[in-house]
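Participant: One structure, as structure tokens, below. Some questions next.
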Amino acid sequence: MNNTAYLTLQNGVVFKGKSFGASGEVTGEIVFTTGMTGYLETLTDPSYYGQIILQTFPLIGNYGVIPADFESETISAAAYIVKNPCQNPSNFRSEGELDTFLRERGIVALYDIDTRALTKIIRQNGVMNGKISAEPLQTDSPTFSDIKNYSVENAIAAVSCRKITKLSEGERKIALLDFGAKKGIAECLTKRNCRSYEVWTFPHNTSAAQILQLNPHGIMLSNGPGDPAEAANIPIINTVRELMESKIPCFGICLGHQLMAMSQGYKTRKLKFGHRGANQPVKDTSTGRVYITSQNHGYEVIAPHSWLNNVNDGTCEGLDYPNGSFSVQFHPEAKGGPLDTEFLFNKFLERVNNYAVK
């Protein structure tokens, strides 16, 4: 730690800080998350593939490294930025500290910069690319164009599982299509009367025919990284469309929500700076009830009439389809919280049970 390092933004602004974690240079899309806790879940969330995570909460690492809280076995993010990393964590579950963890995983990180000022730049100008390096980059530098031209590509393929796997035994089968699934999604399914539900995970490029050969009673479409419009050019959208046409209840989360919507003719667009954190208010348009949700996404579904809306900006947060399928933009499994909407897994399994007894 303590080696001087710089963050150069695509608009030419430079922040001077200090490095920790792995040494090296890295370019990525900078996104901020407002979570006060859950930094381990954030770091191990595959949805951050290709992005530089900026934590707005000033002290990160204070409860150490707890492998049981990981959402995947790897870190898909490009780099990590915090104000102050804690070098002496205090928690009975801790198995290490953040600097060593990042260094072992090869993740470049930066601290001691004005994270508040950086967040304000992103809020005012929108998500932008940046590069962490040992020296600041000038706008006339030959490598400066690399920052402006960077984009997150082939993200789903990079983080999806590679083989079909059975996670639990049960009478009723649930197919989980993995676009970069957080571990918490499968856990929320298997912990609900695990002897009743047999959960299978499928790679992102599995065909609808292969999935339907399982004769599932329910289908989960997971979260994942990247621009959902990129999936329009690969077979995923057709696969999702075929799965929804099967009349088997489908439940989509985050990217899964977006892909389900696109398969039904909806469009998506990029948000100015996205929703990332554990304090996003979502309103049920039919009841008026508001839930506090955990979110991590940079794109929205354009839907004139939605089941759930974001209270802050009115964007679509959920769609309920006539065939028994539904989807949400936020994370009801909410690993690091809140758990207001975990009931949605019960809602899904009720539809699975009703389908199974038809």
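Letters A, B, ... mark the chains of the structure tokens in the order given; residue numbers begin at 1 per chain; ligand numbers begin at 1, in order shown.
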DSSP on the backbone, then: every residue of segment 243-331 of chain A marked strand (DSSP E or B), written as JSON, numbers by chain.

Facilitator: {"A": [250, 251, 252, 253, 267, 268, 269, 270, 271, 272, 273, 274, 275, 276, 277, 278, 279, 280, 281, 282, 283, 284, 290, 291, 292, 293, 294, 295, 296, 297, 298, 299, 300, 301, 302, 308, 309, 310, 316, 317, 318, 319, 320, 326, 327, 328, 331]}

Participant: Which polymer residues have any atom within 12 Å of an atom of Glu95 of chain A, counting only C-alpha atoms, with same-chain residues fewer than 4 positions away left out, as a compact mmCIF listing (two decimals) with N, CA, C and O atoms, in the first residue's frame?

Facilitator:
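Below is the file that was written, out04.txt:
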```txt
# COMPACT_ATOMS: atom_id res chain seq x y z
N GLY A 61 -13.97 -2.40 4.49
CA GLY A 61 -13.09 -3.46 4.95
C GLY A 61 -13.08 -3.66 6.45
O GLY A 61 -12.31 -4.46 6.96
N TYR A 63 -15.05 -5.12 8.52
CA TYR A 63 -15.36 -6.43 9.09
C TYR A 63 -14.63 -7.55 8.34
O TYR A 63 -14.98 -8.73 8.44
N GLY A 64 -13.61 -7.18 7.59
CA GLY A 64 -12.70 -8.16 7.01
C GLY A 64 -13.23 -8.88 5.80
O GLY A 64 -14.11 -8.41 5.09
N VAL A 65 -12.66 -10.06 5.57
CA VAL A 65 -13.02 -10.90 4.44
C VAL A 65 -13.69 -12.17 4.97
O VAL A 65 -13.10 -12.90 5.77
N ILE A 66 -14.92 -12.41 4.52
CA ILE A 66 -15.73 -13.53 5.02
C ILE A 66 -16.19 -14.34 3.81
O ILE A 66 -17.17 -13.99 3.15
N PRO A 67 -15.50 -15.42 3.45
CA PRO A 67 -15.84 -16.19 2.25
C PRO A 67 -17.29 -16.67 2.20
O PRO A 67 -17.84 -16.80 1.10
N ALA A 68 -17.90 -16.91 3.34
CA ALA A 68 -19.29 -17.38 3.34
C ALA A 68 -20.24 -16.35 2.76
O ALA A 68 -21.36 -16.69 2.35
N ASP A 69 -19.81 -15.09 2.71
CA ASP A 69 -20.67 -14.03 2.18
C ASP A 69 -20.45 -13.75 0.70
O ASP A 69 -21.13 -12.90 0.12
N ASN A 88 -7.15 -3.18 9.77
CA ASN A 88 -7.27 -3.99 10.99
C ASN A 88 -8.74 -4.30 11.26
O ASN A 88 -9.36 -3.72 12.16
N PRO A 89 -9.32 -5.22 10.48
CA PRO A 89 -10.75 -5.52 10.65
C PRO A 89 -11.04 -6.19 11.98
O PRO A 89 -10.17 -6.83 12.59
N SER A 90 -12.28 -6.04 12.42
CA SER A 90 -12.70 -6.62 13.69
C SER A 90 -14.05 -7.28 13.51
O SER A 90 -15.08 -6.62 13.43
N ASN A 91 -14.02 -8.62 13.39
CA ASN A 91 -15.26 -9.39 13.27
C ASN A 91 -14.93 -10.85 13.52
O ASN A 91 -13.93 -11.35 12.99
N THR A 100 -4.98 -7.71 1.32
CA THR A 100 -4.42 -9.02 0.96
C THR A 100 -5.36 -9.77 0.03
O THR A 100 -4.92 -10.40 -0.94
N PHE A 101 -6.65 -9.70 0.32
CA PHE A 101 -7.65 -10.39 -0.50
C PHE A 101 -7.60 -9.90 -1.95
O PHE A 101 -7.57 -10.70 -2.89
```

Participant: From the options A:Thr206, A:Thr139, A:Gln264, A:Thr4, which residue's atoms come nearest to Gly24 of chain A, counting only C-alpha atoms?

Facilitator: A:Thr4

Participant: Using only C-alpha atoms, determine which residues lie at most 9 Å from segment 209-218 of chain A, disregarding the query and same-chain residues fewer than 6 positions distant; provide the list as a ChimeraX atom specification.

Facilitator: /A:172-177,202,239,242-243,246,248-251,348-349,351-353,355-356

Participant: Take atom CA of Asn323 of chain A and atom CA of Thr165 of chain A and report the distance between them in Å, one decimal.

Facilitator: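 These two atoms are separated by 27.3 Å.
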
Participant: Could you work out how far atom CA of Val282 of chain A lies from atom CA of Leu259 of chain A, giving the answer in Å with one decimal?

Facilitator: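 Between atom CA of Leu259 of chain A and atom CA of Val282 of chain A the gap is 20.1 Å.
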